[in-house]
$ cat upload-v5.txt   # compact mmCIF, C-alpha atoms and all ligand atoms
# COMPACT_ATOMS: atom_id res chain seq x y z
CA MET H 1 -7.51 5.54 -20.09
CA ARG H 2 -4.27 6.95 -18.77
CA ALA H 3 -4.39 7.64 -15.03
CA HIS H 4 -3.92 11.19 -13.87
CA TYR H 5 -0.83 11.67 -11.76
CA ASN H 6 1.56 14.42 -10.72
CA HIS H 7 5.29 13.94 -10.17
CA LEU H 8 6.67 16.59 -7.79
CA ASP H 9 10.45 17.04 -7.82
CA PRO H 10 11.38 18.80 -5.61
CA PHE H 11 8.47 18.23 -3.25
CA LEU H 12 8.99 20.12 0.04
CA SER H 13 11.43 22.79 1.18
CA ALA H 14 14.86 21.38 2.13
CA ASP H 15 14.10 21.93 5.84
CA ASP H 16 10.71 20.24 5.67
CA ALA H 17 12.27 17.28 3.84
CA ASP H 18 14.81 16.93 6.67
CA THR H 19 11.95 17.02 9.16
CA MET H 20 10.54 13.86 7.54
CA LEU H 21 13.83 12.06 8.26
CA ARG H 22 13.79 13.30 11.87
CA LEU H 23 10.22 11.98 12.30
CA ALA H 24 11.43 8.44 11.52
CA GLU H 25 14.35 8.83 13.95
CA ASN H 26 12.06 10.10 16.70
CA PHE H 27 9.59 7.31 16.05
CA ASN H 28 12.59 5.15 16.89
CA SER H 29 11.41 1.63 16.11
CA PHE H 30 9.50 0.12 13.17
CA GLY H 31 7.68 -3.24 12.99
CA PRO H 32 6.97 -5.37 9.91
CA TYR H 33 3.90 -4.71 7.78
CA ALA H 34 2.65 -8.31 7.85
CA ASN H 35 1.58 -7.74 11.48
CA GLU H 36 -1.52 -5.77 10.48
CA ALA H 37 -4.77 -7.20 11.83
CA GLU H 38 -5.67 -10.66 10.67
CA ASN H 39 -8.89 -11.76 8.97
CA GLU H 40 -11.86 -13.12 10.84
CA GLY H 41 -14.73 -15.16 9.49
CA ILE H 42 -13.99 -15.12 5.80
CA GLY H 43 -10.65 -16.28 4.45
CA GLU H 44 -9.37 -16.27 8.01
CA ASN H 45 -6.48 -18.59 7.21
CA LEU H 46 -5.22 -16.27 4.50
CA PRO H 47 -2.82 -13.33 4.79
CA GLN H 48 -4.48 -9.89 4.53
CA ARG H 49 -2.96 -9.22 1.10
CA PHE H 50 -2.89 -12.75 -0.27
CA ASP H 51 -4.16 -11.28 -3.56
CA ALA H 52 -0.76 -9.65 -4.16
CA ALA H 53 1.28 -12.27 -2.29
CA PHE H 54 0.14 -15.25 -4.37
CA ASN H 55 0.83 -13.38 -7.60
CA TYR H 56 4.28 -12.37 -6.36
CA ILE H 57 5.20 -15.87 -5.28
CA ALA H 58 4.08 -17.26 -8.65
CA ASN H 59 5.67 -14.59 -10.83
CA GLY H 60 8.14 -12.48 -8.87
CA ILE H 61 8.10 -8.74 -9.46
CA ASP H 62 9.40 -9.02 -13.04
CA GLY H 63 7.40 -12.04 -14.18
CA GLY H 64 10.57 -14.12 -14.32
CA GLY H 65 9.30 -16.45 -11.62
CA ASN H 66 10.44 -16.49 -8.04
CA GLN H 67 13.16 -19.04 -7.45
CA GLU H 68 13.70 -18.31 -3.78
CA ASP H 69 12.51 -20.23 -0.77
CA PHE H 70 9.27 -19.01 0.78
CA LYS H 71 10.84 -17.37 3.85
CA THR H 72 13.27 -15.32 1.79
CA ALA H 73 10.53 -14.29 -0.65
CA ALA H 74 8.30 -13.30 2.28
CA SER H 75 11.13 -11.33 3.92
CA ARG H 76 11.80 -9.40 0.71
CA THR H 77 8.29 -7.97 0.80
CA ASN H 78 7.75 -7.79 4.57
CA TYR H 79 8.96 -4.23 4.84
CA PHE H 80 8.71 -2.05 7.95
CA ARG H 81 5.71 0.22 8.39
CA GLU H 82 4.38 2.48 11.10
CA THR H 83 1.39 4.82 11.14
CA TYR H 84 2.29 8.46 11.78
CA ALA H 85 -1.33 9.64 11.80
CA TYR H 86 -4.78 8.09 11.38
CA GLY H 87 -7.51 10.71 11.28
CA GLU H 88 -7.20 12.74 14.46
CA GLU H 89 -4.83 10.25 16.11
CA VAL H 90 -1.29 11.54 15.67
CA GLN H 91 1.44 9.08 16.62
CA ALA H 92 4.38 11.05 15.23
CA PRO H 93 4.24 14.54 16.77
CA GLY H 94 5.42 17.10 14.24
CA VAL H 95 3.69 15.45 11.28
CA GLU H 96 0.59 17.69 11.56
CA PRO H 97 1.70 20.40 9.09
CA PHE H 98 2.43 17.71 6.51
CA MET H 99 -0.99 16.11 7.06
CA ASN H 100 -2.71 19.37 6.09
CA HIS H 101 -0.18 20.64 3.55
CA PRO H 102 -2.05 23.06 1.22
CA ALA H 103 -0.07 22.01 -1.88
CA LEU H 104 -0.94 18.36 -1.25
CA LYS H 105 -4.64 19.17 -0.99
CA GLU H 106 -4.51 21.31 -4.12
CA THR H 107 -2.76 18.61 -6.15
CA ALA H 108 -5.19 15.96 -4.84
CA ARG H 109 -8.05 18.14 -6.16
CA LYS H 110 -6.48 18.04 -9.62
CA ILE H 111 -5.90 14.28 -9.55
CA SER H 112 -9.32 13.34 -8.21
CA GLY H 113 -11.34 16.02 -9.97
CA VAL H 114 -13.32 16.72 -6.78
CA GLU H 115 -13.22 19.61 -4.33
CA ARG H 116 -13.50 18.18 -0.86
CA ILE H 117 -10.14 16.70 0.18
CA VAL H 118 -10.01 15.22 3.69
CA PRO H 119 -6.55 13.96 4.73
CA ALA H 120 -6.99 10.60 6.43
CA ILE H 121 -3.76 8.74 7.05
CA ILE H 122 0.01 8.93 6.95
CA PHE H 123 2.11 5.76 6.83
CA ALA H 124 5.89 5.63 6.97
CA ASN H 125 7.59 2.76 5.16
CA LEU H 126 11.19 1.55 5.51
CA LEU H 127 12.70 -1.02 3.15
CA VAL H 128 16.14 -2.51 3.84
CA PRO H 129 18.57 -3.47 1.05
CA GLY H 130 17.21 -6.46 -0.91
CA GLN H 131 13.57 -5.67 -0.15
CA GLU H 132 10.98 -4.87 -2.80
CA LEU H 133 7.24 -4.62 -3.00
CA ALA H 134 4.99 -6.89 -5.02
CA VAL H 135 2.79 -5.31 -7.68
CA HIS H 136 -0.58 -4.50 -6.12
CA THR H 137 -3.31 -1.92 -5.81
CA ASP H 138 -3.84 -0.30 -2.42
CA VAL H 139 -6.64 -0.99 0.01
CA PRO H 140 -9.68 1.06 -1.04
CA GLU H 141 -12.56 2.18 1.13
CA PHE H 142 -16.33 2.08 0.79
CA ARG H 143 -19.10 3.39 3.03
CA GLY H 144 -19.18 0.88 5.88
CA ALA H 145 -16.26 -1.19 4.55
CA ASN H 146 -12.71 -0.23 5.43
CA ARG H 147 -9.48 -1.84 6.63
CA LYS H 148 -10.63 -1.66 10.26
CA VAL H 149 -13.67 -3.92 9.72
CA THR H 150 -13.21 -5.70 6.37
CA PRO H 151 -10.37 -7.97 5.19
CA GLN H 152 -7.98 -6.04 2.97
CA TRP H 153 -8.07 -8.55 0.08
CA LEU H 154 -11.88 -8.31 0.08
CA LEU H 155 -11.80 -4.51 -0.21
CA VAL H 156 -9.37 -4.84 -3.13
CA THR H 157 -11.63 -7.46 -4.74
CA MET H 158 -14.64 -5.18 -4.30
CA LEU H 159 -12.91 -2.38 -6.17
CA HIS H 160 -11.79 -4.59 -9.06
CA SER H 161 -15.25 -6.17 -9.34
CA GLY H 162 -16.81 -2.76 -10.05
CA LEU H 163 -19.92 -3.92 -8.16
CA PHE H 164 -19.63 -1.40 -5.32
CA ASP H 165 -18.66 1.81 -7.11
CA GLU H 166 -21.65 3.74 -5.76
CA TRP H 167 -20.37 3.19 -2.18
CA ARG H 168 -16.72 3.89 -2.91
CA ILE H 169 -14.86 6.77 -1.29
CA PRO H 170 -12.11 7.63 -3.77
CA ILE H 171 -8.72 8.15 -2.14
CA THR H 172 -5.77 10.04 -3.57
CA THR H 173 -2.36 8.91 -2.35
CA CYS H 174 0.85 10.88 -2.27
CA VAL H 175 3.94 8.67 -2.06
CA SER H 176 7.04 10.71 -1.24
CA TRP H 177 10.64 9.65 -0.79
CA PHE H 178 13.34 10.88 1.55
CA GLY H 179 16.95 9.79 2.03
CA LYS H 180 19.72 8.46 -0.15
CA SER H 181 18.97 4.78 -0.82
CA LYS H 182 19.78 3.28 -4.20
CA GLY H 183 17.34 1.30 -6.31
CA GLY H 184 13.79 0.96 -5.04
CA ALA H 185 12.15 2.83 -7.92
CA PHE H 186 8.37 3.23 -7.81
CA THR H 187 7.06 1.16 -10.70
CA PHE H 188 3.51 1.50 -11.99
CA TYR H 189 1.04 0.95 -14.82
CA PRO H 190 -0.52 4.35 -15.56
CA GLU H 191 -2.24 3.03 -18.71
CA GLY H 192 -3.89 0.17 -16.85
CA ALA H 193 -3.03 -3.47 -16.28
CA SER H 194 -2.54 -4.17 -19.99
CA GLY H 195 -0.36 -1.09 -20.54
CA THR H 196 3.36 -0.49 -20.25
CA ARG H 197 5.12 -0.52 -16.93
CA GLU H 198 6.83 2.77 -16.09
CA ALA H 199 9.15 3.75 -13.24
CA ILE H 200 9.97 6.83 -11.17
CA GLN H 201 13.20 6.94 -9.16
CA ALA H 202 12.75 7.29 -5.40
CA GLN H 203 14.80 10.52 -5.26
CA HIS H 204 15.18 12.38 -1.99
CA ASN H 205 12.38 14.93 -1.56
CA SER H 206 10.28 13.95 -4.55
CA ALA H 207 6.74 12.58 -4.70
CA ILE H 208 3.95 11.24 -6.86
CA LEU H 209 0.23 11.83 -6.35
CA ILE H 210 -1.95 9.18 -7.92
CA ASP H 211 -4.94 6.94 -7.27
CA THR H 212 -3.02 3.90 -6.00
CA ASP H 213 -6.31 2.06 -5.32
CA GLU H 214 -6.91 1.85 -9.09
CA VAL H 215 -3.39 1.88 -10.54
CA PHE H 216 -1.20 -1.21 -10.12
CA HIS H 217 2.19 -0.34 -8.64
CA GLY H 218 5.12 -1.83 -6.77
CA VAL H 219 8.65 -1.10 -5.62
CA GLU H 220 11.73 -2.37 -7.42
CA ARG H 221 14.38 -4.03 -5.32
CA VAL H 222 16.40 -1.75 -3.05
CA THR H 223 20.04 -2.24 -4.01
CA GLN H 224 21.21 -5.30 -2.10
CA THR H 225 24.49 -4.76 -0.31
CA ARG H 226 25.02 -8.27 1.10
CA PRO H 227 24.54 -11.83 -0.23
CA ASP H 228 21.49 -12.56 1.95
CA ILE H 229 18.67 -10.62 3.50
CA PRO H 230 17.67 -11.49 7.07
CA ILE H 231 14.57 -13.61 7.68
CA ILE H 232 12.00 -11.18 9.08
CA GLU H 233 9.63 -12.61 11.69
CA LYS H 234 6.59 -11.02 13.31
CA SER H 235 8.58 -9.67 16.24
CA THR H 236 11.56 -8.44 14.18
CA ARG H 237 12.02 -4.68 14.47
CA LEU H 238 14.16 -1.96 12.96
CA HIS H 239 15.56 0.44 15.56
CA PHE H 240 17.16 3.84 15.16
CA MET H 241 20.43 3.82 17.09
CA GLY H 242 21.48 7.45 16.59
CA ASP H 243 24.21 8.79 14.36
CA ASP H 244 22.63 7.70 11.03
CA HIS H 245 22.65 4.09 12.20
CA TRP H 246 19.69 1.65 12.14
CA GLN H 247 19.70 -1.88 13.49
CA MET H 248 17.39 -4.82 12.72
CA ARG H 249 16.82 -7.03 15.77
CA GLU H 250 14.85 -10.15 16.64
CA GLY H 251 14.68 -10.02 20.44
CA ASP H 252 18.29 -9.53 21.51
CA THR H 253 19.73 -10.95 18.29
CA VAL H 254 21.10 -8.42 15.82
CA LEU H 255 20.09 -9.36 12.26
CA GLY H 256 21.59 -6.40 10.43
CA ASP H 257 23.18 -2.97 10.78
CA TYR H 258 22.29 -0.26 8.27
CA ASP H 259 23.31 3.27 7.46
CA TRP H 260 20.44 5.69 6.95
CA ALA H 261 21.66 5.96 3.36
CA ASP H 262 20.95 2.22 2.82
CA LEU H 263 17.27 2.43 3.74
CA ARG H 264 14.47 3.33 1.37
CA TYR H 265 12.15 5.61 3.29
CA SER H 266 8.78 6.63 1.90
CA ILE H 267 5.76 8.38 3.30
CA SER H 268 2.24 7.58 2.08
CA TRP H 269 -0.31 10.33 2.60
CA LYS H 270 -3.88 9.39 1.84
CA ALA H 271 -6.88 11.67 1.58
CA TYR H 272 -10.56 11.00 1.03
CA CYS H 273 -11.86 12.79 -2.03
CA PHE H 274 -15.53 13.69 -1.64
CA LYS H 275 -17.62 15.30 -4.37
CA ASP H 276 -19.30 17.61 -1.89
CA GLU H 277 -20.33 18.07 1.70
CA ALA H 278 -23.40 15.85 1.26
CA GLU H 279 -21.24 12.89 0.25
CA GLU H 280 -18.95 13.40 3.23
CA THR H 281 -21.94 13.68 5.57
CA LEU H 282 -23.44 10.48 4.19
CA TRP H 283 -20.15 8.68 4.86
CA ARG H 284 -19.85 10.07 8.39
CA SER H 285 -23.49 9.32 9.27
CA GLY H 286 -23.10 5.61 8.57
CA SER H 287 -26.66 5.54 7.22
CA ASP H 288 -25.68 4.00 3.87
CA ASP H 289 -23.13 1.47 5.13
CA LEU H 290 -22.47 -1.82 3.39
CA SER H 291 -22.68 -4.97 5.49
CA ILE H 292 -20.41 -7.97 5.00
CA GLU H 293 -23.46 -10.14 4.18
CA PHE H 294 -24.56 -7.73 1.45
CA ILE H 295 -21.03 -7.59 0.00
CA LEU H 296 -20.63 -11.37 -0.15
CA ASP H 297 -24.16 -11.91 -1.50
CA ARG H 298 -23.63 -9.39 -4.28
CA LEU H 299 -20.29 -10.95 -5.27
CA GLU H 300 -21.81 -14.43 -5.13
CA ALA H 301 -24.76 -13.38 -7.31
CA ASP H 302 -22.36 -11.93 -9.89
CA LEU H 303 -20.24 -15.10 -9.89
CA ARG H 304 -23.38 -17.18 -10.49
CA LYS H 305 -24.62 -14.89 -13.25
CA THR H 306 -21.35 -15.30 -15.15
CA GLY H 307 -21.26 -19.06 -14.52
CA VAL H 308 -18.05 -18.90 -12.47
CA LEU H 309 -19.88 -20.38 -9.47
CA THR H 310 -22.43 -23.17 -9.50
CA GLY H 311 -23.68 -25.24 -6.57
CA ALA H 312 -23.34 -24.25 -2.92
CA ARG H 313 -21.19 -21.33 -1.75
CA PRO H 314 -17.70 -22.79 -1.10
CA GLU H 315 -16.15 -22.72 2.37
CA PRO H 316 -14.58 -19.34 3.26
CA THR H 317 -10.96 -19.89 2.18
CA GLU H 318 -11.96 -21.42 -1.16
CA PHE H 319 -14.58 -18.69 -1.72
CA ALA H 320 -11.98 -15.99 -1.00
CA THR H 321 -9.46 -17.55 -3.38
CA LEU H 322 -12.09 -17.90 -6.11
CA MET H 323 -13.12 -14.23 -5.85
CA VAL H 324 -9.57 -12.88 -5.86
CA GLY H 325 -8.63 -15.09 -8.82
CA HIS H 326 -11.69 -14.06 -10.80
CA TYR H 327 -11.85 -10.31 -10.21
CA ILE H 328 -8.26 -9.13 -9.79
CA ARG H 329 -6.47 -9.08 -13.14
CA PHE H 330 -2.79 -8.41 -12.55
CA PRO H 331 -0.77 -6.58 -15.20
CA ARG H 332 0.94 -8.50 -17.91
CA GLN H 333 4.40 -8.63 -16.40
CA GLN H 334 6.64 -6.51 -18.55
CA MET H 335 9.60 -4.26 -17.95
CA ALA H 336 9.47 -0.56 -18.70
CA ALA H 337 11.43 0.62 -21.69
CA GLU H 338 14.89 1.72 -20.58
FE FE X 1 0.81 0.58 -2.53
$ encode --input "upload-v5.txt" --output "C-alpha cells"
Amino acid sequence: MRAHYNHLDPFLSADDADTMLRLAENFNSFGPYANEAENEGIGENLPQRFDAAFNYIANGIDGGGNQEDFKTAASRTNYFRETYAYGEEVQAPGVEPFMNHPALKETARKISGVERIVPAIIFANLLVPGQELAVHTDVPEFRGANRKVTPQWLLVTMLHSGLFDEWRIPITTCVSWFGKSKGGAFTFYPEGASGTREAIQAQHNSAILIDTDEVFHGVERVTQTRPDIPIIEKSTRLHFMGDDHWQMREGDTVLGDYDWADLRYSISWKAYCFKDEAEETLWRSGSDDLSIEFILDRLEADLRKTGVLTGARPEPTEFATLMVGHYIRFPRQQMAAE
C-alpha cells in the first residue's frame, strides 16, 4: 500500500522560514547525533541505531557497497543534531509557534487519519558537505517503551515485528528544509521496502509530512566541496560564528569552515496521533505500559515459533543482532528513476 504523504512547497511564510535559520544561529553550537544515550542491559555494546548502521556499512546508501574506511563512513552519517523542544521543554526560544502550527496539525490529521494530534518533539539537523544519512525508519514509540527508556534499535525492531501494534502510538513526522545547500535530497520508499525509491529535493522552505516510523527513508549526499570530510568524534561540534559562517571544531582544532549555504539544515517535527482522548489518557496514565521483560519474551516466543531460535536465549549482543537481522527487512537498494 502506498504511504500517505504531503509535500508542501512553499511551507511557511518567507519571514517564518527565515526565523528557522535564526533559531539555528541562536542555538549557536551543535553536537553529533551519535552522542545520544547509550544502551544498557541488552545489546549494550552496540550503537543505538546499529540496525541502520550495519546495513549502511555493508551496502552504502545506493547498494553499491561502501568502499571507505570505517571512520570516514561513520563521519558521513554522524550529522549534527540538537533538540529544539521535547514536550514542554523548550530549548530554542522562539520555536513555540512552529511547535503548535495549525497547518501542521491539520496536515498530520490527514496523514494519520486520526483527530487528536499532540506535537511532541522538534529536532534540528545539520549536515556538512559530504554527509548523508543511511536508509532507516525512525524510532517509534509504544505505551511504556520510548527512546528515553528503551534502546532505539529495539523500538525499531518492535515496529517491524508487528507484535506490538496494539501498544503503538503512531507518530506523524514533518521534515522541512531551510537554506541553500546543494544535494541532500530526501529519498524514500513510499510503496514499501520492495517498491521504487523516490526523492524530494531539500528546497528552502519546503516540507514533507509522512509516517517516517513506517516508511524507509534516507538523505542523499550533500554536495561535497572538498576531497575529504573531517573525522567527527564525540566531542566535535559545529559552531555558528556570525556572518553566515559556521566552523567545525574538535577542542581548539578547527576541522572545517562552512558558509551557511553549504549546510543542509532540516527540522523534524513529530506529533503523537491519538484516535481519541481515551487513547491519550491511557498513554499518559501508564497503566498499560510494556515492560522490557514482556517485550523480549514476546519476541523470543515468536522467534521460537518460526524456528529462527532454538536452544537457550543467546547473550544480549547476539540476541539483539539476531532480532534486528530477522525482523527489519531493508529495501532492495535501487535508484529512483531520473
Ligand atoms: Fe529519519
$ residues_around --input "upload-v5.txt" --residues "region 273-276 of chain H" --least-positions-apart "3" --cutoff "8 Å" --atoms "all atoms listed in the file" --output "list in words"
Ala108, Arg109, Ser112, Val114, Glu115, Arg116, Ile117, Val118, Ile169, Pro170, Ile171, Thr172, Glu279 and Glu280 of chain H
$ residues_near_ligand --input "upload-v5.txt" --ligand "ligand FE 1 (chain X)" --cutoff "8 Å" --atoms "all atoms listed in the file" --output "number ranges by chain"
H: 136-138, 212-213, 217-218
$ closest_residue --input "upload-v5.txt" --among "H:Leu8, H:Met241, H:Leu154, H:Val95" --to "Thr317 (chain H)" --atoms "only C-alpha atoms"
H:Leu154
$ atom_distance --input "upload-v5.txt" --atom1 "CA of Thr236 (chain H)" --atom2 "CA of Glu25 (chain H)"
17.5 Å
$ closest_residue --input "upload-v5.txt" --among "H:Asn26, H:Asp69, H:Ala271, H:Tyr258" --to "Arg226 (chain H)" --atoms "all atoms listed in the file"
H:Tyr258
$ residues_around --input "upload-v5.txt" --residues "region 9-12 of chain H" --least-positions-apart "5" --cutoff "7 Å" --atoms "all atoms listed in the file" --output "list in words"
Ala17, Asn205, Ser206 and Ala207 of chain H
$ atom_distance --input "upload-v5.txt" --atom1 "CA of His101 (chain H)" --atom2 "CA of Gly179 (chain H)"
20.3 Å
$ atom_distance --input "upload-v5.txt" --atom1 "CA of Pro331 (chain H)" --atom2 "CA of Asp51 (chain H)"
13.0 Å
$ build_atoms --input "upload-v5.txt" --residues "region 262-281 of chain H" --atoms "N, CA and C atoms" --output "short mmCIF file (atom, residue, chain, number, x, y, z; two decimals), in the frame of the given file"
data_model
loop_
_atom_site.label_atom_id
_atom_site.label_comp_id
_atom_site.auth_asym_id
_atom_site.auth_seq_id
_atom_site.Cartn_x
_atom_site.Cartn_y
_atom_site.Cartn_z
N ASP H 262 21.30 3.53 3.41
CA ASP H 262 20.95 2.22 2.82
C ASP H 262 19.45 2.00 2.75
N LEU H 263 18.69 2.73 3.59
CA LEU H 263 17.27 2.43 3.74
C LEU H 263 16.42 3.26 2.79
N ARG H 264 15.45 2.60 2.20
CA ARG H 264 14.47 3.33 1.37
C ARG H 264 13.33 3.74 2.29
N TYR H 265 13.13 5.04 2.36
CA TYR H 265 12.15 5.61 3.29
C TYR H 265 11.09 6.34 2.47
N SER H 266 9.86 5.93 2.61
CA SER H 266 8.78 6.63 1.90
C SER H 266 7.66 6.94 2.87
N ILE H 267 6.93 7.97 2.52
CA ILE H 267 5.76 8.38 3.30
C ILE H 267 4.55 8.28 2.37
N SER H 268 3.50 7.61 2.84
CA SER H 268 2.24 7.58 2.08
C SER H 268 1.23 8.45 2.80
N TRP H 269 0.76 9.45 2.10
CA TRP H 269 -0.31 10.33 2.60
C TRP H 269 -1.55 9.99 1.82
N LYS H 270 -2.65 9.76 2.52
CA LYS H 270 -3.88 9.39 1.84
C LYS H 270 -5.00 10.32 2.26
N ALA H 271 -5.78 10.76 1.28
CA ALA H 271 -6.88 11.67 1.58
C ALA H 271 -8.16 11.17 0.90
N TYR H 272 -9.25 11.25 1.63
CA TYR H 272 -10.56 11.00 1.03
C TYR H 272 -10.89 12.13 0.09
N CYS H 273 -11.51 11.78 -1.03
CA CYS H 273 -11.86 12.79 -2.03
C CYS H 273 -13.38 12.74 -2.24
N PHE H 274 -14.07 13.65 -1.56
CA PHE H 274 -15.53 13.69 -1.64
C PHE H 274 -15.96 14.70 -2.70
N LYS H 275 -17.05 14.37 -3.38
CA LYS H 275 -17.62 15.30 -4.37
C LYS H 275 -18.04 16.60 -3.69
N ASP H 276 -18.73 16.44 -2.57
CA ASP H 276 -19.30 17.61 -1.89
C ASP H 276 -19.56 17.25 -0.43
N GLU H 277 -20.08 18.25 0.28
CA GLU H 277 -20.33 18.07 1.70
C GLU H 277 -21.36 16.95 1.96
N ALA H 278 -22.35 16.87 1.08
CA ALA H 278 -23.40 15.85 1.26
C ALA H 278 -22.81 14.44 1.24
N GLU H 279 -21.85 14.22 0.34
CA GLU H 279 -21.24 12.89 0.25
C GLU H 279 -20.42 12.59 1.50
N GLU H 280 -19.72 13.60 2.01
CA GLU H 280 -18.95 13.40 3.23
C GLU H 280 -19.88 13.11 4.42
N THR H 281 -20.98 13.86 4.48
CA THR H 281 -21.94 13.68 5.57
C THR H 281 -22.56 12.29 5.54
#
